[in-house]
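Please read the structure below before turning to the comments.
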There are 2 protein chains.
Amino acid sequence: MSIKHDFIFGKGEMITRWYNILPDLPFELPPPLNPQTLEPVSPEDLLSIFPEEVVRQEVSPDEFIEIPGPVLDVYRLWRPTPLLRAKRLEERLSTPARIYFKFEGFSPVGSHKGNTAVAQAYFNRKEGTKRLTTETGAGQWGTALSMACAFFDLECTVYMVRISYEQKHYRRTLMEVYGSEVLPSPSTRTKTGSGILSADPQHPGSLGIAISEAVEDAFSHPSTKYSLGSVLNHVLLHQTVIGEETLLQLEKIGEKADVLIGCVGGGSNFGGLVLPFLRDFLRAKKSGGPQPFKPRIIAVEPTACPSLTRGIYAYDFGDTAGIVPALKMFTLGHGFVPPSIHAGGLRYHGMSPILSGLYKEGLIEARAVGQREVFQAAVLFAKMEGFLPAPESAHAVKAAIDVALEAKEKNEPLCIVFNLSGHGYLDLGAYEAHLKGLLQDYEPGVEIERSLKTLPQKPRVGDS
Amino acid sequence: MSIKHDFIFGKGEMITRWYNILPDLPFELPPPLNPQTLEPVSPEDLLSIFPEEVVRQEVSPDEFIEIPGPVLDVYRLWRPTPLLRAKRLEERLSTPARIYFKFEGFSPVGSHKGNTAVAQAYFNRKEGTKRLTTETGAGQWGTALSMACAFFDLECTVYMVRISYEQKHYRRTLMEVYGSEVLPSPSTRTKTGSGILSADPQHPGSLGIAISEAVEDAFSHPSTKYSLGSVLNHVLLHQTVIGEETLLQLEKIGEKADVLIGCVGGGSNFGGLVLPFLRDFLRAKKSGGPQPFKPRIIAVEPTACPSLTRGIYAYDFGDTAGIVPALKMFTLGHGFVPPSIHAGGLRYHGMSPILSGLYKEGLIEARAVGQREVFQAAVLFAKMEGFLPAPESAHAVKAAIDVALEAKEKNEPLCIVFNLSGHGYLDLGAYEAHLKGLLQDYEPGVEIERSLKTLPQKPRVGDS
C-alpha cells in the first residue's frame, strides 16, 4: 500500500452555513396539512410544536442560513468529519472505482443525528423552551437529543419504543447519563399511550405511537416543545453540513463524485449528503443554460421497509394516532408496522417530502437491499477499513460495494462517495446474531397493500 | 460561548516517526531476566516470542524510529487524533485553568491500543509470522490486535479472561467480526489452562493466566508469535505518536502544558502521551545546561490496583505461571488478583519498566482514585463534552478535574492536558451500575502484603 494524500481528508474547514434547497427545487413542495381538517396548516399549528426559528427554516426562501456560534462550538467537538478513502476495500474488490466514505460516527453520539439535535436544542433554548420531548426507536436520535439538551440546559423526555427500551439497555443508559428521562412507549404518561395499554398491556410499541405520545406531551405541558430527528425540511437543512464538507474535501484532492450513496429511513443523513451536490445542477437547469453534470444519486432502503421502491406518493400522517400534520410523501401507510430488522433507524413508513419530490422527478434513484447481505457487506467493510458500520449505514456500504462491482464489470473508474452515517458499536448484538446465522430477510407483501388503504381520505390537497 | 480557534485541533500533521526515550533516560534500565534462571535474557529468548524488529526496538539506541508506510496508511484512518479544549467543563468548574484532552477514542477499536497493534502486526507479517496470540481482559487490547491482524492477513487467537468472555459479548463479537478466534481463559488449549481447570473447572480466569496461555501457545506452534499490548518498551515507543501529535497541536495554538495527566494500567497510553514531553528536559539535564522547564506529570491508577502508590520496585514476573521474562518494575506481586473494578484495563499487578524508573527518579507523580468518584467525574465530563470516557480513561478525567479545582483554589491559570485514551460505549453496563448506585470502592490491604511475598526470590540481578 502506498501512502496517498487522499487518505487524510478529515482535515477540512468548518462549514459555517447550512444549505437550504427549497428555493432551488424545480417544483413546489405541497404544504403540510392539519391532521383534523386536512387543510394546509397555519404557522400557529406548527408553533405549538416547534420554536419560531425552526418553523421559519421549515419554509425559508433563503439559499443559505448561518450556523449560530454556540452551535458551531459544539460541532467543533467532531466536525469536520473525515472523508476517507476505502483503499483496502477497493483492492479487495479489485475495482477500478475509487470508494470514499464520509464518516459521521465520530460524533459523541455515534451518528449524524447530533448535527440537527444541537441546532434544535439551541433554537429552543434561545426562545425560552425549558423542556423537549421526542421519540426514539433504536435510540440513536434519542441519544443525540439527550446530549444536545445537556449542552443547552434543557430537560429532555424520550419516549422509547418499549421493545427497545427493554432490550437496548446500552442506548437507554447513555441517554440517562446525559440526564434525560427515558420512558417506555406506550406509556401511561399520555392519553394515546394509556389507551393503547388498556387495550393491550403488553404492547411492544412502535415509532408511530412514540411520536404521538411525545407530541401529545409537548402539547399538554407549558414551555415544552417537540423535536423530530428526520423527515422535515429543517432537519435536512441542518444535515447539509455533511454534504458541504464533502464538496470541499473532494475539491481539495481534485475529485468529483460520479455516484453518491446513502441509506434512507426518514431521509436526513442521505439528504444531508446529497442536497448540496444538486445545487449547481438545479440552478443551471433553472437558468436554462447548457445541461450541467449531475452525479448518480442512490438512496438505499431495507426490503423490510421500502418506502421509495414500493410506497406511493400521497398525503399521509407521520404518526400512528394522526395528531401531527399530514405530509405529501412516499409512504407505506402510517398503519404499516415494519418487520423488526436491526436497522431500527430505517423502520419508518414515510419519507422526507423534499426527497420524495426529487425521487418523483427522477433526480434520485432508490434500491432496496436485504438484511443478511447488508450485514455481510458490513463485516467485509470492518475487516478492510476497521470501522464497524451501524446497521442503518451498512445499507449504504452494501450499495457502494455493489456499484463498485458494477464499475468493475464495465471497467469504469468511477468516484463513489457514500455516507457512513454512524458506527455500530452499540449494535454488536445484531452482529452476534449475524455471525451465528440467525438473521432473516423480510419482504412484506399484503401488509403494505393493507396499510396503504389507511391513508387519510379527504380533500387530498395538492395531490396528483 | 465564543468561537475559539482552539476548539479545532484535530487537524494537525501526521507524525512519521516514533520517539524512543531509551537513549535519553538518566538511568540504565535493568535488563529483563530469564524466568527460569533469573539471569539476563538472551536475544534468542525474546526472539522466540517476538519478531526481530520488535526485539530491536525494545533495546534500540536510536532516538527516533521511522514509522513504516503501511503502518502510516492505517494510522491515517483515525490519526492525527484531535486535541480538544474542554471549554464547557472549565466553565462548569469555573476554574482559571485551561483543560485540553487528547482523544484516542476515534480509533476504529475505540482506544489508543490500535497504535501499537497495527505496528506489531505489520512487523510480524513482514517477518513471515502467520499467526499471533495474545490475552485480553475487558477486551480493548484483543479488539485492537484483531483489527490489526485483519489488515495484515494474520490469524489471531485471543485468550479472553473467562469472566469477561462470558459477560462481555459485545467485545468478543467485535473481535470475531475482525476474524479472530476468541477462547475463554483458562482454556483446555494449553498446559497452563488445563492444569488450572482440572483443579477448578469454574475458574473465572485472570490476566496473568491469559498471558501465560497466550505465550505457551506461541511457544508451541510454528510461525506463531505473541503480542503484548502494554508494559514493554516497544509498546510505549509506538504510543509516542500521541505525545508527538499533542506537542505539535499545542505549539500550533501557542500553548505549553503545565500539567500532563493519564491513567496507568501497564502504562502505555500514559507513556505515549508524556515521554515526548520529557525529551528536552532530559537532554538539557544531561548536557548540564540551565535547568529547563518540566511539566508536572501525573499517573492515575485505581485504588483497587495501586502498583505505583503502594507497590514496590523489584523484579517480578509479568504473568501468573512465570514463563515470561521477569522485569524490574513497580509491582503488587504477580500473585495479586485485583478486585474486579470496571476499568479492566487497569487491573495489572505491574508497571512499565520505563515508567517505573522515571517514577523512582521522581520525574513523574502518581495518585490513586476510587471507582465511584471516577464514574461521577466521567458522567460530568460526558454531560459537558459529549464523549463518554472508557472507565480506564475516566481515571484521567477525575484527576484533571481535581487539578483544575486545585488551580482554582490557588487561582493558577494552568494549562492541563490529559489523555482520554478511549471511549466507553462498550462499557455502558458499568455506567448503568453506577447510575443505579451499585458500584463499590476497593482498597486491598493484606492481599497486597501477601502477594508481595511471592516475588521471584533468586539473584535479584540489578535489584536495589
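Every chain in the C-alpha cells takes a letter, A first, then B, and so on in the order presented; its residues are numbered from 1, and the ligands are numbered from 1 following the presented order.
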
List every residue of chain B that has an atom at most 9 Å from any atom of chain A, and for each one report the closest atom pair and its distance in Å to one decimal, counting only C-alpha atoms, with rows sorted by chain and then by increasing residue number, as CSV.
```
residue,atom,partner,partner_atom,distance
B:Met1,CA,A:Pro70,CA,5.9
B:Ser2,CA,A:Gly69,CA,6.8
B:Ile3,CA,A:Asp73,CA,5.8
B:Lys4,CA,A:Asp73,CA,7.8
B:Phe7,CA,A:Arg76,CA,6.1
B:Ile8,CA,A:Arg76,CA,6.0
B:Gly10,CA,A:Lys11,CA,7.4
B:Lys11,CA,A:Lys11,CA,5.0
B:Gly12,CA,A:Lys11,CA,7.8
B:Gly69,CA,A:Ile3,CA,6.0
B:Pro70,CA,A:Met1,CA,5.9
B:Leu72,CA,A:Ile3,CA,7.3
B:Asp73,CA,A:Ile3,CA,5.8
B:Val74,CA,A:Glu385,CA,8.4
B:Arg76,CA,A:Ile8,CA,6.0
B:Leu77,CA,A:Leu84,CA,7.0
B:Trp78,CA,A:Gly10,CA,8.6
B:Arg79,CA,A:Ile8,CA,8.4
B:Pro82,CA,A:Trp78,CA,8.6
B:Leu84,CA,A:Leu77,CA,7.1
B:Arg85,CA,A:Leu77,CA,8.8
B:Arg88,CA,A:Phe151,CA,8.2
B:Gly105,CA,A:Phe106,CA,8.8
B:Phe106,CA,A:Phe106,CA,6.3
B:Ser107,CA,A:Phe387,CA,8.2
B:Pro108,CA,A:Phe387,CA,4.7
B:Val109,CA,A:Gly386,CA,7.5
B:Met147,CA,A:Gly386,CA,6.3
B:Ala148,CA,A:Gly386,CA,8.6
B:Ala150,CA,A:Lys383,CA,5.6
B:Phe151,CA,A:Met384,CA,6.3
B:His169,CA,A:Gly429,CA,7.9
B:Tyr170,CA,A:Leu428,CA,5.4
B:Arg171,CA,A:Leu428,CA,8.2
B:Thr173,CA,A:Glu432,CA,5.7
B:Leu174,CA,A:Leu428,CA,7.0
B:Glu176,CA,A:Leu435,CA,8.2
B:Val177,CA,A:Val379,CA,6.1
B:Tyr178,CA,A:Lys383,CA,5.3
B:Gly179,CA,A:Lys383,CA,7.7
B:Val379,CA,A:Val177,CA,6.1
B:Leu380,CA,A:Val177,CA,8.7
B:Ala382,CA,A:Tyr178,CA,6.9
B:Lys383,CA,A:Tyr178,CA,5.3
B:Met384,CA,A:Phe151,CA,6.3
B:Glu385,CA,A:Leu77,CA,7.7
B:Gly386,CA,A:Pro108,CA,5.3
B:Phe387,CA,A:Pro108,CA,4.7
B:Leu388,CA,A:Pro108,CA,7.3
B:Tyr425,CA,A:Leu426,CA,6.9
B:Leu426,CA,A:Tyr425,CA,6.8
B:Asp427,CA,A:Tyr170,CA,8.4
B:Leu428,CA,A:Tyr170,CA,5.4
B:Gly429,CA,A:Tyr170,CA,6.7
B:Tyr431,CA,A:Thr173,CA,7.1
B:Glu432,CA,A:Thr173,CA,5.7
B:Leu435,CA,A:Val177,CA,7.7
```

Let me see the file: selected residues, C-alpha atoms, as a PDB file, in the first residue's frame.
```
ATOM      1  CA  MET B   1     -19.601  30.662  24.369  1.00  0.00           C
ATOM      2  CA  SER B   2     -17.337  32.330  21.847  1.00  0.00           C
ATOM      3  CA  ILE B   3     -15.994  30.535  18.803  1.00  0.00           C
ATOM      4  CA  LYS B   4     -12.360  29.878  19.632  1.00  0.00           C
ATOM      5  CA  PHE B   7     -11.631  24.080  19.609  1.00  0.00           C
ATOM      6  CA  ILE B   8     -10.339  22.621  16.432  1.00  0.00           C
ATOM      7  CA  GLY B  10      -7.890  17.615  15.288  1.00  0.00           C
ATOM      8  CA  LYS B  11      -6.351  18.964  12.187  1.00  0.00           C
ATOM      9  CA  GLY B  12      -2.617  18.569  12.711  1.00  0.00           C
ATOM     10  CA  GLY B  69       4.435   3.403   5.221  1.00  0.00           C
ATOM     11  CA  PRO B  70       1.865   0.607   5.568  1.00  0.00           C
ATOM     12  CA  LEU B  72       1.046   5.125   8.476  1.00  0.00           C
ATOM     13  CA  ASP B  73      -1.608   4.177   5.905  1.00  0.00           C
ATOM     14  CA  VAL B  74      -3.614   2.525   8.674  1.00  0.00           C
ATOM     15  CA  ARG B  76      -4.480   7.712   8.731  1.00  0.00           C
ATOM     16  CA  LEU B  77      -7.884   6.116   9.304  1.00  0.00           C
ATOM     17  CA  TRP B  78      -8.038   7.988  12.622  1.00  0.00           C
ATOM     18  CA  ARG B  79      -4.805   9.957  13.093  1.00  0.00           C
ATOM     19  CA  PRO B  82      -7.946  15.705  17.935  1.00  0.00           C
ATOM     20  CA  LEU B  84      -9.869  19.359  22.159  1.00  0.00           C
ATOM     21  CA  ARG B  85     -10.461  22.053  24.728  1.00  0.00           C
ATOM     22  CA  ARG B  88     -17.842  23.725  28.884  1.00  0.00           C
ATOM     23  CA  GLY B 105     -11.334   7.107  21.070  1.00  0.00           C
ATOM     24  CA  PHE B 106     -11.624   7.941  17.357  1.00  0.00           C
ATOM     25  CA  SER B 107      -9.689   4.801  16.522  1.00  0.00           C
ATOM     26  CA  PRO B 108     -11.904   2.075  14.997  1.00  0.00           C
ATOM     27  CA  VAL B 109     -11.240  -0.023  18.098  1.00  0.00           C
ATOM     28  CA  MET B 147      -8.315  -5.433  13.703  1.00  0.00           C
ATOM     29  CA  ALA B 148      -4.572  -5.167  13.019  1.00  0.00           C
ATOM     30  CA  ALA B 150      -7.349  -8.416   9.718  1.00  0.00           C
ATOM     31  CA  PHE B 151      -5.450  -5.569   7.988  1.00  0.00           C
ATOM     32  CA  HIS B 169     -20.396 -10.436  24.441  1.00  0.00           C
ATOM     33  CA  TYR B 170     -20.009  -7.118  22.633  1.00  0.00           C
ATOM     34  CA  ARG B 171     -16.196  -7.061  22.784  1.00  0.00           C
ATOM     35  CA  THR B 173     -18.282 -10.304  18.968  1.00  0.00           C
ATOM     36  CA  LEU B 174     -16.219  -7.357  17.707  1.00  0.00           C
ATOM     37  CA  GLU B 176     -14.930 -12.219  15.900  1.00  0.00           C
ATOM     38  CA  VAL B 177     -16.153  -9.699  13.316  1.00  0.00           C
ATOM     39  CA  TYR B 178     -12.476  -8.945  12.640  1.00  0.00           C
ATOM     40  CA  GLY B 179     -11.948 -12.676  12.165  1.00  0.00           C
ATOM     41  CA  VAL B 379     -20.697  11.435  33.863  1.00  0.00           C
ATOM     42  CA  LEU B 380     -19.949  15.123  34.422  1.00  0.00           C
ATOM     43  CA  ALA B 382     -19.995  13.362  29.218  1.00  0.00           C
ATOM     44  CA  LYS B 383     -22.629  15.997  30.041  1.00  0.00           C
ATOM     45  CA  MET B 384     -20.171  18.825  29.380  1.00  0.00           C
ATOM     46  CA  GLU B 385     -18.193  17.495  26.398  1.00  0.00           C
ATOM     47  CA  GLY B 386     -20.370  14.757  24.939  1.00  0.00           C
ATOM     48  CA  PHE B 387     -17.823  11.974  24.684  1.00  0.00           C
ATOM     49  CA  LEU B 388     -18.350   9.049  27.085  1.00  0.00           C
ATOM     50  CA  TYR B 425     -19.636   2.984  24.517  1.00  0.00           C
ATOM     51  CA  LEU B 426     -18.857  -0.695  25.089  1.00  0.00           C
ATOM     52  CA  ASP B 427     -18.831  -0.153  28.859  1.00  0.00           C
ATOM     53  CA  LEU B 428     -22.336   1.208  29.308  1.00  0.00           C
ATOM     54  CA  GLY B 429     -23.154  -1.722  31.580  1.00  0.00           C
ATOM     55  CA  TYR B 431     -22.402   3.228  33.701  1.00  0.00           C
ATOM     56  CA  GLU B 432     -25.795   1.610  34.286  1.00  0.00           C
ATOM     57  CA  LEU B 435     -26.401   5.291  37.878  1.00  0.00           C
TER      58      LEU B 435
END
```

Write out as a ChimeraX atom specification each polymer residue whose atoms come within 9 Å of stretch 412-417 of chain B, counting only C-alpha atoms; drop sequence neighbours fewer than 6 positions from it.
/B:83,95-102,246,255-262,400,403-404,406

Counting only C-alpha atoms, what is within 10 Å of stretch 34-48 of chain A, bar same-chain residues fewer than 3 positions away, as a PDB file with C-alpha atoms, in the first residue's frame?
```pdb
ATOM      1  CA  PRO A  30     -47.094  20.526  -1.295  1.00  0.00           C
ATOM      2  CA  PRO A  31     -47.914  22.098   2.122  1.00  0.00           C
ATOM      3  CA  PRO A  51     -39.830  27.123  18.070  1.00  0.00           C
ATOM      4  CA  GLU A  52     -40.197  30.104  15.699  1.00  0.00           C
ATOM      5  CA  GLU A  53     -36.753  29.856  14.153  1.00  0.00           C
ATOM      6  CA  VAL A  54     -37.311  26.202  13.273  1.00  0.00           C
ATOM      7  CA  VAL A  55     -40.719  26.967  11.738  1.00  0.00           C
ATOM      8  CA  ARG A  56     -39.085  29.793   9.756  1.00  0.00           C
ATOM      9  CA  GLU A  58     -39.018  24.840   7.525  1.00  0.00           C
ATOM     10  CA  VAL A 215     -46.222  15.346  20.603  1.00  0.00           C
ATOM     11  CA  ALA A 218     -45.452  18.707  24.328  1.00  0.00           C
ATOM     12  CA  PHE A 219     -48.960  19.987  23.538  1.00  0.00           C
ATOM     13  CA  THR A 224     -42.362  22.234  26.369  1.00  0.00           C
ATOM     14  CA  LYS A 225     -41.722  21.655  22.673  1.00  0.00           C
ATOM     15  CA  TYR A 226     -41.315  18.588  20.488  1.00  0.00           C
ATOM     16  CA  TYR A 315     -50.520  12.651   1.806  1.00  0.00           C
ATOM     17  CA  ASP A 316     -50.125  10.606   4.974  1.00  0.00           C
ATOM     18  CA  PHE A 317     -49.706  11.104   8.706  1.00  0.00           C
ATOM     19  CA  GLY A 318     -46.245  10.952  10.233  1.00  0.00           C
ATOM     20  CA  ALA A 321     -52.554   8.481  16.107  1.00  0.00           C
ATOM     21  CA  GLY A 322     -52.674  11.071  13.334  1.00  0.00           C
ATOM     22  CA  ILE A 323     -52.052  14.110  15.539  1.00  0.00           C
ATOM     23  CA  VAL A 324     -49.069  15.526  13.638  1.00  0.00           C
ATOM     24  CA  PRO A 325     -49.530  17.317  10.291  1.00  0.00           C
ATOM     25  CA  ALA A 326     -50.018  15.121   7.228  1.00  0.00           C
ATOM     26  CA  LEU A 327     -47.231  15.329   4.639  1.00  0.00           C
ATOM     27  CA  PRO A 456     -56.147   9.960   5.151  1.00  0.00           C
ATOM     28  CA  GLN A 457     -59.149  10.090   2.833  1.00  0.00           C
ATOM     29  CA  LYS A 458     -60.275  13.724   2.475  1.00  0.00           C
ATOM     30  CA  PRO A 459     -59.542  16.694   0.225  1.00  0.00           C
ATOM     31  CA  ARG A 460     -56.057  15.268  -0.614  1.00  0.00           C
ATOM     32  CA  VAL A 461     -54.971  18.873  -1.196  1.00  0.00           C
ATOM     33  CA  GLY A 462     -52.105  19.186  -3.691  1.00  0.00           C
TER      34      GLY A 462
END
```

For B:Leu207: contacts at 9 Å, only C-alpha atoms, fewer than 2 positions along chain excluded, given as a VMD selection string
chain B and resid 135 to 137 160 to 161 185 205 209 to 212 319 to 320 337 347 to 348

Write the residues you've just listed into a file as a PDB file, in the first residue's frame, and include N, CA, C and O atoms for each of them.
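As written to disk, result.pdb reads:
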```pdb
ATOM      1  N   GLU B 135      -3.533 -12.055  24.974  1.00  0.00           N
ATOM      2  CA  GLU B 135      -4.540 -12.168  26.023  1.00  0.00           C
ATOM      3  C   GLU B 135      -5.376 -10.883  26.004  1.00  0.00           C
ATOM      4  O   GLU B 135      -4.959  -9.868  25.453  1.00  0.00           O
ATOM      5  N   THR B 136      -6.549 -10.936  26.589  1.00  0.00           N
ATOM      6  CA  THR B 136      -7.300  -9.708  26.777  1.00  0.00           C
ATOM      7  C   THR B 136      -8.184  -9.849  27.996  1.00  0.00           C
ATOM      8  O   THR B 136      -8.661 -10.941  28.306  1.00  0.00           O
ATOM      9  N   GLY B 137      -8.335  -8.728  28.701  1.00  0.00           N
ATOM     10  CA  GLY B 137      -9.202  -8.737  29.884  1.00  0.00           C
ATOM     11  C   GLY B 137     -10.564  -8.208  29.479  1.00  0.00           C
ATOM     12  O   GLY B 137     -11.413  -8.952  28.991  1.00  0.00           O
ATOM     13  N   MET B 160      -9.240 -14.795  26.244  1.00  0.00           N
ATOM     14  CA  MET B 160     -10.001 -13.762  26.949  1.00  0.00           C
ATOM     15  C   MET B 160     -10.376 -14.262  28.344  1.00  0.00           C
ATOM     16  O   MET B 160     -10.924 -15.369  28.485  1.00  0.00           O
ATOM     17  N   VAL B 161     -10.039 -13.483  29.355  1.00  0.00           N
ATOM     18  CA  VAL B 161     -10.367 -13.849  30.735  1.00  0.00           C
ATOM     19  C   VAL B 161     -11.813 -14.349  30.778  1.00  0.00           C
ATOM     20  O   VAL B 161     -12.726 -13.647  30.347  1.00  0.00           O
ATOM     21  N   SER B 185     -10.297 -18.019  28.846  1.00  0.00           N
ATOM     22  CA  SER B 185      -9.111 -18.452  29.594  1.00  0.00           C
ATOM     23  C   SER B 185      -9.433 -18.497  31.087  1.00  0.00           C
ATOM     24  O   SER B 185     -10.033 -17.555  31.602  1.00  0.00           O
ATOM     25  N   GLY B 205     -10.678 -17.099  35.737  1.00  0.00           N
ATOM     26  CA  GLY B 205      -9.563 -16.603  34.927  1.00  0.00           C
ATOM     27  C   GLY B 205      -9.003 -15.293  35.439  1.00  0.00           C
ATOM     28  O   GLY B 205      -9.580 -14.653  36.318  1.00  0.00           O
ATOM     29  N   ILE B 209      -3.069 -15.309  33.996  1.00  0.00           N
ATOM     30  CA  ILE B 209      -3.230 -16.661  33.438  1.00  0.00           C
ATOM     31  C   ILE B 209      -3.344 -16.597  31.916  1.00  0.00           C
ATOM     32  O   ILE B 209      -2.720 -17.379  31.188  1.00  0.00           O
ATOM     33  N   ALA B 210      -4.117 -15.631  31.423  1.00  0.00           N
ATOM     34  CA  ALA B 210      -4.324 -15.500  29.977  1.00  0.00           C
ATOM     35  C   ALA B 210      -3.000 -15.218  29.266  1.00  0.00           C
ATOM     36  O   ALA B 210      -2.733 -15.756  28.186  1.00  0.00           O
ATOM     37  N   ILE B 211      -2.142 -14.409  29.892  1.00  0.00           N
ATOM     38  CA  ILE B 211      -0.826 -14.142  29.306  1.00  0.00           C
ATOM     39  C   ILE B 211      -0.035 -15.450  29.221  1.00  0.00           C
ATOM     40  O   ILE B 211       0.523 -15.796  28.177  1.00  0.00           O
ATOM     41  N   SER B 212      -0.030 -16.215  30.333  1.00  0.00           N
ATOM     42  CA  SER B 212       0.693 -17.489  30.329  1.00  0.00           C
ATOM     43  C   SER B 212       0.214 -18.392  29.197  1.00  0.00           C
ATOM     44  O   SER B 212       1.022 -18.989  28.480  1.00  0.00           O
ATOM     45  N   ASP B 319       3.520 -12.527  34.247  1.00  0.00           N
ATOM     46  CA  ASP B 319       2.360 -13.418  34.170  1.00  0.00           C
ATOM     47  C   ASP B 319       2.269 -14.288  35.419  1.00  0.00           C
ATOM     48  O   ASP B 319       3.158 -14.267  36.271  1.00  0.00           O
ATOM     49  N   THR B 320       1.199 -15.059  35.510  1.00  0.00           N
ATOM     50  CA  THR B 320       0.948 -15.868  36.698  1.00  0.00           C
ATOM     51  C   THR B 320       1.861 -17.086  36.777  1.00  0.00           C
ATOM     52  O   THR B 320       2.431 -17.384  37.818  1.00  0.00           O
ATOM     53  N   VAL B 337      -4.406 -10.634  42.695  1.00  0.00           N
ATOM     54  CA  VAL B 337      -5.591 -10.619  41.839  1.00  0.00           C
ATOM     55  C   VAL B 337      -6.432  -9.394  42.212  1.00  0.00           C
ATOM     56  O   VAL B 337      -7.061  -9.373  43.275  1.00  0.00           O
ATOM     57  N   ARG B 347      -6.307  -3.306  35.605  1.00  0.00           N
ATOM     58  CA  ARG B 347      -6.152  -4.383  36.587  1.00  0.00           C
ATOM     59  C   ARG B 347      -4.904  -5.209  36.319  1.00  0.00           C
ATOM     60  O   ARG B 347      -4.992  -6.387  36.028  1.00  0.00           O
ATOM     61  N   TYR B 348      -3.736  -4.574  36.386  1.00  0.00           N
ATOM     62  CA  TYR B 348      -2.476  -5.290  36.158  1.00  0.00           C
ATOM     63  C   TYR B 348      -1.544  -5.053  37.340  1.00  0.00           C
ATOM     64  O   TYR B 348      -1.425  -3.923  37.816  1.00  0.00           O
TER      65      TYR B 348
END
```

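All residues within stretch 239-302 of chain B that the backbone DSSP calculation assigns to strand (DSSP E or B) are Val259, Leu260, Ile261, Gly262, Cys263, Arg296, Ile297, Ile298, Ala299, Val300, Glu301 and Pro302 of chain B.
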
Next, write the just-selected residues to a file, as a compact mmCIF listing (two decimals), in the first residue's frame, keeping all heavy atoms as the atom set.
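Below is the file result-v1.txt, written as the result:
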```txt
# COMPACT_ATOMS: atom_id res chain seq x y z
N VAL B 259 0.64 20.79 33.15
CA VAL B 259 0.35 19.51 33.80
C VAL B 259 -0.10 18.49 32.75
O VAL B 259 -0.93 18.80 31.90
CB VAL B 259 -0.78 19.65 34.84
CG1 VAL B 259 -0.94 18.36 35.64
CG2 VAL B 259 -0.51 20.82 35.79
N LEU B 260 0.49 17.30 32.79
CA LEU B 260 0.10 16.20 31.90
C LEU B 260 -0.48 15.08 32.76
O LEU B 260 0.09 14.76 33.82
CB LEU B 260 1.30 15.68 31.13
CG LEU B 260 1.91 16.61 30.10
CD1 LEU B 260 3.26 16.07 29.65
CD2 LEU B 260 0.99 16.78 28.90
N ILE B 261 -1.61 14.52 32.31
CA ILE B 261 -2.29 13.51 33.10
C ILE B 261 -2.72 12.33 32.24
O ILE B 261 -3.18 12.51 31.11
CB ILE B 261 -3.56 14.11 33.77
CG1 ILE B 261 -3.15 15.24 34.73
CG2 ILE B 261 -4.35 13.04 34.50
CD1 ILE B 261 -4.32 16.06 35.25
N GLY B 262 -2.54 11.11 32.76
CA GLY B 262 -3.02 9.93 32.06
C GLY B 262 -3.28 8.82 33.06
O GLY B 262 -2.72 8.81 34.16
N CYS B 263 -4.13 7.86 32.68
CA CYS B 263 -4.38 6.73 33.56
C CYS B 263 -3.30 5.67 33.28
O CYS B 263 -2.72 5.65 32.19
CB CYS B 263 -5.77 6.14 33.31
SG CYS B 263 -5.99 5.45 31.65
N ARG B 296 4.42 19.20 35.26
CA ARG B 296 4.03 18.18 36.25
C ARG B 296 3.44 17.03 35.46
O ARG B 296 2.67 17.25 34.52
CB ARG B 296 2.96 18.73 37.18
CG ARG B 296 3.48 19.43 38.41
CD ARG B 296 2.31 19.83 39.31
NE ARG B 296 1.71 18.69 40.00
CZ ARG B 296 0.55 18.77 40.65
NH1 ARG B 296 -0.15 19.89 40.64
NH2 ARG B 296 0.08 17.71 41.29
N ILE B 297 3.81 15.82 35.80
CA ILE B 297 3.32 14.66 35.08
C ILE B 297 2.69 13.70 36.09
O ILE B 297 3.37 13.22 37.01
CB ILE B 297 4.46 13.96 34.31
CG1 ILE B 297 5.08 14.96 33.31
CG2 ILE B 297 3.96 12.73 33.61
CD1 ILE B 297 6.24 14.41 32.51
N ILE B 298 1.38 13.46 35.94
CA ILE B 298 0.64 12.69 36.94
C ILE B 298 0.05 11.41 36.36
O ILE B 298 -0.77 11.45 35.43
CB ILE B 298 -0.50 13.54 37.54
CG1 ILE B 298 0.05 14.86 38.09
CG2 ILE B 298 -1.23 12.76 38.62
CD1 ILE B 298 -1.03 15.84 38.55
N ALA B 299 0.48 10.28 36.91
CA ALA B 299 -0.07 8.98 36.53
C ALA B 299 -1.22 8.66 37.50
O ALA B 299 -1.07 8.80 38.70
CB ALA B 299 1.00 7.90 36.62
N VAL B 300 -2.38 8.26 36.94
CA VAL B 300 -3.54 8.00 37.78
C VAL B 300 -3.89 6.51 37.74
O VAL B 300 -4.09 5.95 36.66
CB VAL B 300 -4.76 8.82 37.31
CG1 VAL B 300 -5.88 8.74 38.32
CG2 VAL B 300 -4.36 10.27 37.06
N GLU B 301 -3.94 5.89 38.91
CA GLU B 301 -4.25 4.47 38.97
C GLU B 301 -5.44 4.25 39.91
O GLU B 301 -5.78 5.12 40.69
CB GLU B 301 -3.03 3.67 39.45
CG GLU B 301 -2.47 4.10 40.79
CD GLU B 301 -1.15 3.39 41.11
OE1 GLU B 301 -0.55 2.78 40.22
OE2 GLU B 301 -0.74 3.46 42.28
N PRO B 302 -6.09 3.07 39.80
CA PRO B 302 -7.23 2.80 40.69
C PRO B 302 -6.75 2.39 42.09
O PRO B 302 -5.72 1.73 42.21
CB PRO B 302 -7.95 1.64 40.00
CG PRO B 302 -6.95 1.00 39.11
CD PRO B 302 -5.86 1.99 38.83
```

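The nearest approach to B:Ser268 among the residues B:Ile448, B:Leu248, B:Val241, B:Val182, with only C-alpha atoms taken into account, belongs to B:Val241.
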
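Counting from atom CA of A:Asn269, the distance to atom CA of A:Ala214 is 22.4 Å.
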